[in-house]
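Chemist: Quick one: this structure, given as structure tokens, is what I'll be asking you about.
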Amino acid sequence: MSQDTVARALATPDQPQPFAELGLTAAEYQRIVSLLGRRPTDAELAIYSVMWSEHCSYKSSRKHLRQFAEKAPPTTALLAGIGHNAGVVDIGQGYAVTFKIESHNHPSYVEPFQGAATGVGGIVRDILAMGARPVAVMDALRFGPADVPDTHRVLPGVVRGISFYGNCLGLPNIGGELAFDPCYAGNPLVNALCVGVLRPHDLQLAAATGPGNQVILLGSRTGPDGIGGASVLASASFGGDGEGAKRPSVQVGDPFLEKLLVECCLELYQAGLVVGVQDLGAAGVACATTELAAGGGTGMRIRLDTIPLRDLTLGPAEILMSESQERMMAIVAPAGVESFMAICAKWDVQATVIGEVTGSGRLEMSWQGEQVVDIPPASAAADGPVYDRPARRPASQDALAADDPARRGLPGDGAALREAVLLLIGSPDAGDKTWVTEQYDRYVRGATVLAMPHDAGLLQVDETTGLGVALATDGNGRYCQLDPYAGTQLALAEAHRNVAATGARPLAVTNCLNFGSPEDPAVMWQFTEAVRGLADGCLALGIPVTGGNVSFYNQTGSTPIHPTPVIGVLGVHDDVRRRVPSGFTAPGASIVLLGETRPEFGGSLWAWLAHGHLGGRPPRVDLVAEAALAAVLVAGCARGLLSSAHDLSDGGLAVALAEACLTGRTGCVVTLPGEPASFLLSESSARAIVSVRQGGEEEFAGLCVEANVASVAIGVTGGSALAVAGSFTLPLEELAAAHASALPALFG
Amino acid sequence: MTVRIGVVTFPGSLDDHDARRAVRCAGAEPVELWHGDSGLHGVDAVILPGGFSYGDYLRCGAIARFAPVMSEIIPAARRGLPVLGICNGFQILCEAHLLPGALTRNRALRFVNRDIQVRIENAETAWTRRYRGGQEITVVLKSGEGAYVADQETLARLEAGQVLARYVGGNPNGSALNIAGVTNEAGNVVGLMPHPEHAIDALTGPSDQGLDFFRSVLEVVAAA
């Protein structure tokens with residue numbers, strides 16, 4: 001059968017097309033027909049089906065995401081915001097930083113190793129497309145219970161994939177998260193973050209401007225990876241010999257090629273040869289061409305048969321949809337093509353002119369001399385369908401909120417409390433993550449000042465001035481299940497705290513919103529609440545959302561995951577040489593608990609681990625208190641008053657104290673100003689523990705009073721045990737054994 | 001006189017940036033050498049940095065040893081040019097037969113990045129003379145194929161002074177005789193699995209105890 005062309009589409013207006021198999025509704029298909037004034041060709045149908053997918057078009061979320069712009073706090077730091085490949089913020093001294101977090105959940109469940117590996121590769125190219133040198137990655141990971149067999153298939157594969165790709169790419173992995181919950185058993189969350197550094201004038205945009213400029217595809221050859229739906233077209237067009245079914249639905253990554261692509265692109269940018277650039281990720285060539293042309297307000301003529309292939313049997317629709325990794329598309333002035341090609345040759349990166357920019361306002365593509373695509377590019381890239389999906393708060397939320405875990409009874413005496421602390425610190429959730437993190441290179445590039453297990457990753461940006469950036473990601477599905485609005489703000493607040501704990505000023509936010517099906521009104525309610533919570537929270541804290549990613553359909557059958565927005569906060573550190581680590585470093589320092597502790601156990605790690613209980617209200621959100629706490633932490637660092645700072649979150653003061661002791665290999669003796677169990681296990685927000693340098697106690701107390709942050713000296717660092725006066729004493733050796741064995745006991 | 005130390009960049013080299021930084025920090029001038037170079041630009045010493053040269057496809061270091069720049073480095077090393085191979089660079093030196101033995105997958109079959117202690121066993125080489133024999137230093141191990149292997153005869157020969165450094169406090173990867181690094185007989189070519197260039201200051205590394213590798217060669221070159 002010959003190829004479907006524009007001419008044939010005109011001649012055969014009534015030919016049935018497999019739009020439903022490609023994930024388009026009948027209404028969406030009709031919309032394409034009326035847009036074009038005819039039926040689409042197979043190639044055009046391929047473009048619309050991927051560009052109007054939830055993943056690319058944000059059709060269910062877009063209406064709500066507008067709040068991030070509408071409620072954005074005033075800022076002069078934002079150089080590029082939502083809608084770009086990644087947000088870019090000015091951090092001063094002539095530097096800008098770009099960062100973004102993105103999900104690769106579904107591929108990582110199907111094929112953990114490649115799914116996670118290509119998740120890293122994809123987010124790195126997003127950062128590269130902004131003109132930045134990628135400088136570090138982080139990963140926020142969530143799996144089913146650590147002791148079920150499938151987690152032993154998924155987790156080691158995911159970690160090995162991240163390790164393989166990130167290490168081989170030469171990017172330090174400086175932090176992230178690892179959490180477990182039954183709700184992720186059939187749908188793990190693999191969210192990858194990348195951060196890059198650039199000079200503000202090096203900013204690149206995804207815009208194909210200048211008719212006559214050449215369109216160059218560089219990097220890997222195009223193969224049949226991740227084509228998914230396009231096989232429907234292939235079998236429909238070519239008589240269905242079943243070949244499509246044998247193709248992998250998960251892409252395969254080659255980090256070595258990506259490393260060359262990174263260095264090659266950076267050299268091309270430096271040489272001033274790139275007019276516009278776009279990475280190829282989801283929806284491959286279809287996405288890059290439509291977005292570049294739409295971004296430039298131009299047209300484009302592409303010869304699809306010039307694209308280098310790994311599989312010569314691929315047709316236009318498959319080429320357009322292929323998600324082959326390690327590819328970029330650049331717009332280059334004709335006079336620059338020769339120099340462009342020379343740099344690509346130096347790096348052994350294949351580069352091919354596949355078309356040119358036109359002034360027609362149409363995206364035209366040919367295949368073996370015949371026109372197979374002729375569409376307005378913005379109709380696919382920007383003007384897709386937008387849905388206002390019904391959202392309904394489930395009635396069950398009330399019963400959930402009323403079921404407070406405090407009723408289950410807190411540990412009654414010192415011995416019980418001691419056991420509770422061991423239970424927490426020895427759990428996979430709060431246990432030592434070294435089994436995972438030591439598979440990642442944290443040192444490459446020589447700029448890592450803090451990484452796991454500290455509160456945030458901290459990178460040095462300028463060696464002479466000490467300017468740096470701190471990054472943390474946080475999310476808590478349990479809190480969000482109880483109250484998605486508050487839970488999302490708590491995640492934001494925690495990341496904000498973590499960044500401030502190192503001494504960095506929080507500056508900007510990225511987010512990865514992991515939810516179930518948007519077609520489920522209860523999920524849509526969770527989503528709208530989470531977005532509203534994040535937008536309000538960012539406004540209150542004065543830090544803008546610069547970009548992010550929405551991942552829907554995270555569910556097993558009809559059971560969605562807990563709503564799990566993962567929030568990344570970036571902060572600026574004025575002098576990384578003054579960084580504050582999370583562990584107790586020296587004996588004799590006064591330990592101060594900052595913030596108010598209330599009896600708040602809803603959604604807590606203790607309730608979950610001790611009772612398998614999830615209910616009640618999450619901790620109260622107080623963003624004014626969060627901002628004040630951050631100010632105290634940053635000032636304490638700047639004045640050199642702190643020898644350690646650690647935020648309180650999952651597991652409350654119990655876990656924070658234990659971690660501070662273990663990380664710094666120094667014990668402590670504390671006396672709690674209230675009932676020990678309540679003080680140790682509550683997860684009240686806006687809290688941190690710091691150890692104050694000797695002689696700085698008074699000045700630091702003054703800072704707290706000035707900022708209106710409650711502070712109470714609870715003890716002193718030193719000794720070889722975690723001792724709580726009047727309650728229990730835990731030798732560090734015993735604590736360390738429980739902590740260290742949490743993951744190795746399960747994963748070998 | 002400024003000592004000029006070449007740092008080779010192969011496609012897939014990753015710690016070249018860090019090696020140049022360490023060279024600068026030690027007081028020498030780093031010179032970028034490209035894998036396709038047909039000369040050494042008059043450098044006084046050469047570092048083959050860590051990474052995944054040529055993707056480590058086929059076998060770690062197996063392709064890199066055939067790079068054009070290696071056909072300059074190999075004879076120069078045999079004539080006495082100080083050469084340090086770190087991690088992937090160590091693998092390349094073994095593949096090039098400038099050093100005996102080979103590096104294989106870690107015993108646990110996982111990549112491991114850990115701050116570790118090594119004992120300097122031979123403080124006479126061009127790259128270790130600022131250390132004391134028996135000195136224990138903290139450096140960074142980060143490799144997936146760091147287990148040193150050699151036949152019994154070679155291992156016995158190495159024990160007579162060619163073991164450069166040994167892991168102490170546990171063997172992190174299954175290396176024979178806890179070997180972390182070896183030297184050739186002449187003491188100018190040294191291969192090390194852990195990374196001294198990631199331990200040049202306490203801000204970005206676990207210690208500054210790796211810096212003397214780079215300072216040592218400075219002294220050697222300056223004295224020559």
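In the structure tokens, chains take letters A, B, ... by order of appearance, with residues numbered from 1 within each chain and ligands from 1 in the order shown.
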Please run DSSP on the backbone and report, as a list in words, all residues within segment 35-142 of chain B that come out as strand (DSSP E).

Modeler: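 Restricting segment 35-142 of chain B to strand (DSSP E) produces Ala45, Val46, Ile47, Leu48, Val83, Leu84, Gly85, Ile86, Ala102, Leu103, Thr104, Val112, Asn113, Arg114, Asp115, Ile116, Gln117, Val118, Arg119, Ile120, Glu136, Ile137, Thr138, Val139, Val140, Leu141 and Lys142 of chain B.
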
Chemist: With N, CA and C atoms retained, export the selected residues as a CSV table (one decimal), in the first residue's frame.

Modeler:
chain,number,residue,atom,x,y,z
B,45,ALA,N,54.1,16.0,32.2
B,45,ALA,CA,53.4,14.8,32.8
B,45,ALA,C,52.0,14.7,32.2
B,46,VAL,N,51.5,13.5,32.3
B,46,VAL,CA,50.1,13.3,31.7
B,46,VAL,C,49.2,12.6,32.7
B,47,ILE,N,48.0,13.1,32.8
B,47,ILE,CA,46.9,12.4,33.6
B,47,ILE,C,45.9,11.8,32.6
B,48,LEU,N,45.6,10.6,32.8
B,48,LEU,CA,44.4,10.0,32.1
B,48,LEU,C,43.3,10.0,33.2
B,83,VAL,N,53.1,9.5,34.2
B,83,VAL,CA,51.8,9.3,33.8
B,83,VAL,C,50.9,8.8,34.9
B,84,LEU,N,49.8,9.4,35.2
B,84,LEU,CA,48.9,9.0,36.3
B,84,LEU,C,47.6,8.6,35.6
B,85,GLY,N,47.1,7.4,35.8
B,85,GLY,CA,45.8,7.0,35.4
B,85,GLY,C,44.9,6.8,36.5
B,86,ILE,N,43.8,7.6,36.5
B,86,ILE,CA,42.8,7.5,37.7
B,86,ILE,C,41.6,6.8,37.2
B,102,ALA,N,44.5,-6.2,35.5
B,102,ALA,CA,43.2,-5.6,34.9
B,102,ALA,C,42.2,-5.3,36.0
B,103,LEU,N,41.2,-4.5,35.6
B,103,LEU,CA,40.2,-4.2,36.6
B,103,LEU,C,38.9,-4.8,36.1
B,104,THR,N,38.2,-5.5,37.1
B,104,THR,CA,36.9,-6.2,36.7
B,104,THR,C,35.8,-5.7,37.6
B,112,VAL,N,30.0,1.7,43.2
B,112,VAL,CA,30.1,2.2,44.5
B,112,VAL,C,30.9,3.5,44.6
B,113,ASN,N,30.2,4.5,45.2
B,113,ASN,CA,30.8,5.8,45.5
B,113,ASN,C,30.9,5.9,47.0
B,114,ARG,N,32.1,5.9,47.5
B,114,ARG,CA,32.3,5.9,49.0
B,114,ARG,C,33.6,6.6,49.3
B,115,ASP,N,33.6,7.4,50.4
B,115,ASP,CA,34.8,7.9,50.9
B,115,ASP,C,35.6,6.8,51.6
B,116,ILE,N,36.8,6.5,51.2
B,116,ILE,CA,37.5,5.4,51.7
B,116,ILE,C,38.9,5.8,52.1
B,117,GLN,N,39.6,4.9,52.9
B,117,GLN,CA,40.9,5.1,53.3
B,117,GLN,C,41.8,4.2,52.5
B,118,VAL,N,43.0,4.7,52.1
B,118,VAL,CA,44.0,3.9,51.5
B,118,VAL,C,45.3,4.1,52.2
B,119,ARG,N,46.1,3.1,52.2
B,119,ARG,CA,47.5,3.2,52.7
B,119,ARG,C,48.5,3.3,51.6
B,120,ILE,N,49.3,4.4,51.6
B,120,ILE,CA,50.3,4.5,50.6
B,120,ILE,C,51.4,3.5,50.9
B,136,GLU,N,48.1,6.8,55.8
B,136,GLU,CA,46.8,6.5,55.4
B,136,GLU,C,46.1,7.8,55.1
B,137,ILE,N,45.4,7.8,53.9
B,137,ILE,CA,44.7,9.0,53.5
B,137,ILE,C,43.3,8.7,53.1
B,138,THR,N,42.4,9.7,53.1
B,138,THR,CA,41.0,9.6,52.8
B,138,THR,C,40.8,10.1,51.4
B,139,VAL,N,40.3,9.3,50.5
B,139,VAL,CA,40.1,9.7,49.1
B,139,VAL,C,38.7,9.2,48.7
B,140,VAL,N,38.3,9.3,47.5
B,140,VAL,CA,37.0,8.9,47.0
B,140,VAL,C,37.1,7.7,46.0
B,141,LEU,N,36.3,6.7,46.3
B,141,LEU,CA,36.2,5.6,45.4
B,141,LEU,C,34.9,5.8,44.7
B,142,LYS,N,34.9,5.7,43.4
B,142,LYS,CA,33.6,5.7,42.6
B,142,LYS,C,33.8,5.0,41.3

Chemist: Kindly provide the residues of chain A that approach chain B to within 9 Å, each paired with its closest atom pair and their distance in Å to one decimal, based on only C-alpha atoms, listed by chain and increasing number, as CSV.

Modeler:
residue,atom,partner,partner_atom,distance
A:Arg160,CA,B:Arg110,CA,7.9
A:Ser163,CA,B:Phe111,CA,7.5
A:Phe164,CA,B:Phe111,CA,8.4
A:Asn167,CA,B:Gly51,CA,8.4
A:Cys168,CA,B:Phe52,CA,6.1
A:Leu169,CA,B:Leu14,CA,7.5
A:Gly170,CA,B:Leu14,CA,5.2
A:Leu171,CA,B:Leu14,CA,8.5
A:Asp254,CA,B:Gly55,CA,8.4
A:Pro255,CA,B:Gly55,CA,7.7
A:Phe256,CA,B:Gly55,CA,4.9
A:Leu257,CA,B:Gly55,CA,7.9
A:Lys259,CA,B:Gly12,CA,6.5
A:Leu260,CA,B:Pro11,CA,6.8
A:Trp347,CA,B:Pro11,CA,7.4
A:Asp348,CA,B:Pro11,CA,8.6
A:Thr437,CA,B:Asn113,CA,8.1
A:Glu438,CA,B:Asn113,CA,4.7
A:Gln439,CA,B:Phe111,CA,4.9
A:Tyr440,CA,B:Asn113,CA,6.4
A:Asp441,CA,B:Asn113,CA,5.8
A:Arg442,CA,B:Asn113,CA,7.5
A:Tyr443,CA,B:His198,CA,6.6
A:Val444,CA,B:Asp15,CA,6.1
A:Arg445,CA,B:Asp18,CA,5.7
A:Gly446,CA,B:Asp18,CA,5.7
A:Ala447,CA,B:Thr204,CA,5.8
A:Thr448,CA,B:Thr204,CA,5.3
A:Val449,CA,B:Thr204,CA,4.9
A:Leu450,CA,B:Thr204,CA,7.9
A:Leu459,CA,B:Thr204,CA,8.8
A:Gln460,CA,B:Thr204,CA,8.4
A:Val576,CA,B:Leu203,CA,8.3
A:Arg577,CA,B:Leu203,CA,6.8

Chemist: Would you kindly return, as a VMD selection string, each protein, DNA or RNA residue with an atom no farther than 12 Å from any atom of Glu734 of chain A, considering only C-alpha atoms and excluding same-chain residues fewer than 4 positions away?

Modeler: chain A and resid 418 to 419 421 to 422 425 to 426 658 662 720 to 722 729 to 730 738 to 741

Chemist: Identify, on the basis of only C-alpha atoms, every residue whose closest approach to segment 187-191 of chain B does not exceed 9 Å; exclude the query and any residue fewer than 4 positions from it along the same chain; express the result as a ChimeraX atom specification.

Modeler: /B:77-78,80-87,89-91,93-94,98-99,124-127,162,164,180-183

Chemist: Write out as a list in words the residues lying within 12 Å of Leu155 of chain B, counting only C-alpha atoms and excluding same-chain residues fewer than 2 positions away.

Modeler: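 Near neighbours after the sequence-gap exclusion: Pro100, Gly101, Ala102, Tyr148, Val149, Ala150, Asp151, Gln152, Glu153, Arg157, Leu158, Glu159, Ala160, Gly161, Gln162, Val163, Ser175, Ala176, Leu177, Asn178, Ile179 and Val182 of chain B.
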
Chemist: Pick out each residue of segment 318-485 of chain A that DSSP on the backbone tags as alpha helix (DSSP H); I need them as a ChimeraX atom specification.

Modeler: /A:318-321,337-346,377-381,396-402,414-425,434-437,477-482,484-485

Chemist: Could you list, as a VMD selection string, every residue within 10 Å of Ala208 of chain A, counting only C-alpha atoms and ignoring same-chain residues fewer than 3 positions away?

Modeler: chain A and resid 205 211 213 to 215 275 to 278 289 to 300 330 to 332 356 to 358

Chemist: Keeping N, CA and C atoms, export the residues of the selection given above as a tab-separated table (two decimals), in the first residue's frame.

Modeler:
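See result-v7.tsv below for the written result:
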chain	number	residue	atom	x	y	z
A	205	LEU	N	16.25	29.69	23.25
A	205	LEU	CA	14.81	29.49	23.25
A	205	LEU	C	14.40	28.55	22.13
A	211	PRO	N	13.06	32.90	8.29
A	211	PRO	CA	12.84	32.06	7.11
A	211	PRO	C	14.15	31.88	6.33
A	213	ASN	N	16.46	29.84	7.42
A	213	ASN	CA	17.34	29.14	8.34
A	213	ASN	C	17.12	27.62	8.24
A	214	GLN	N	18.19	26.89	8.52
A	214	GLN	CA	18.14	25.45	8.32
A	214	GLN	C	17.72	24.73	9.61
A	215	VAL	N	17.01	23.63	9.42
A	215	VAL	CA	16.59	22.80	10.54
A	215	VAL	C	17.51	21.58	10.59
A	275	VAL	N	20.36	29.41	16.47
A	275	VAL	CA	19.31	30.43	16.50
A	275	VAL	C	18.19	30.00	17.45
A	276	GLY	N	17.89	28.72	17.44
A	276	GLY	CA	16.86	28.17	18.32
A	276	GLY	C	17.13	26.69	18.50
A	277	VAL	N	16.68	26.14	19.62
A	277	VAL	CA	16.98	24.72	19.85
A	277	VAL	C	15.87	24.09	20.69
A	278	GLN	N	15.63	22.82	20.44
A	278	GLN	CA	14.63	22.07	21.18
A	278	GLN	C	15.15	20.65	21.37
A	289	THR	N	9.33	19.84	15.96
A	289	THR	CA	9.02	20.68	14.80
A	289	THR	C	7.83	21.59	15.07
A	290	THR	N	6.76	21.05	15.64
A	290	THR	CA	5.59	21.90	15.88
A	290	THR	C	5.90	22.98	16.91
A	291	GLU	N	6.63	22.63	17.95
A	291	GLU	CA	6.91	23.63	18.99
A	291	GLU	C	7.90	24.69	18.51
A	292	LEU	N	8.90	24.27	17.75
A	292	LEU	CA	9.86	25.26	17.24
A	292	LEU	C	9.17	26.24	16.28
A	293	ALA	N	8.36	25.69	15.38
A	293	ALA	CA	7.68	26.56	14.40
A	293	ALA	C	6.65	27.44	15.10
A	294	ALA	N	5.89	26.85	16.03
A	294	ALA	CA	4.90	27.65	16.76
A	294	ALA	C	5.60	28.70	17.61
A	295	GLY	N	6.72	28.32	18.23
A	295	GLY	CA	7.47	29.25	19.08
A	295	GLY	C	8.03	30.42	18.29
A	296	GLY	N	8.37	30.19	17.03
A	296	GLY	CA	8.94	31.25	16.21
A	296	GLY	C	7.89	32.00	15.41
A	297	GLY	N	6.64	31.51	15.45
A	297	GLY	CA	5.58	32.13	14.66
A	297	GLY	C	5.86	32.01	13.17
A	298	THR	N	6.53	30.91	12.81
A	298	THR	CA	6.93	30.73	11.41
A	298	THR	C	6.33	29.45	10.86
A	299	GLY	N	6.81	29.08	9.70
A	299	GLY	CA	6.50	27.78	9.15
A	299	GLY	C	7.79	26.98	9.01
A	300	MET	N	7.65	25.76	8.52
A	300	MET	CA	8.82	24.91	8.39
A	300	MET	C	8.55	23.90	7.28
A	330	ALA	N	18.13	21.78	16.06
A	330	ALA	CA	18.65	23.15	16.12
A	330	ALA	C	18.24	23.91	14.86
A	331	ILE	N	18.03	25.20	15.02
A	331	ILE	CA	17.79	26.10	13.90
A	331	ILE	C	19.09	26.88	13.68
A	332	VAL	N	19.57	26.85	12.44
A	332	VAL	CA	20.90	27.38	12.14
A	332	VAL	C	20.85	28.23	10.88
A	356	GLU	N	13.95	23.45	6.33
A	356	GLU	CA	14.25	24.85	6.59
A	356	GLU	C	13.03	25.58	7.15
A	357	VAL	N	13.32	26.71	7.76
A	357	VAL	CA	12.26	27.57	8.30
A	357	VAL	C	11.66	28.35	7.12
A	358	THR	N	10.34	28.51	7.12
A	358	THR	CA	9.68	29.27	6.07
A	358	THR	C	8.81	30.35	6.70

Chemist: Would you mind listing what lies within 8 Å of Val135 of chain A as a list of chain:residue names, with only C-alpha atoms counted and same-chain residues fewer than 3 positions away left out?

Modeler: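 Neighbouring residues, sequence-local ones excluded: A:Leu171, A:Pro172, A:Cys194, A:Val195, A:Gly196, A:Val197, A:Arg445.
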
Chemist: For atom CA of Pro394 of chain A and atom CA of Ala522 of chain A, quote the distance in Å rounded to one decimal.

Modeler: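 Answer for the atom CA of Pro394 of chain A to atom CA of Ala522 of chain A separation: 5.7 Å.
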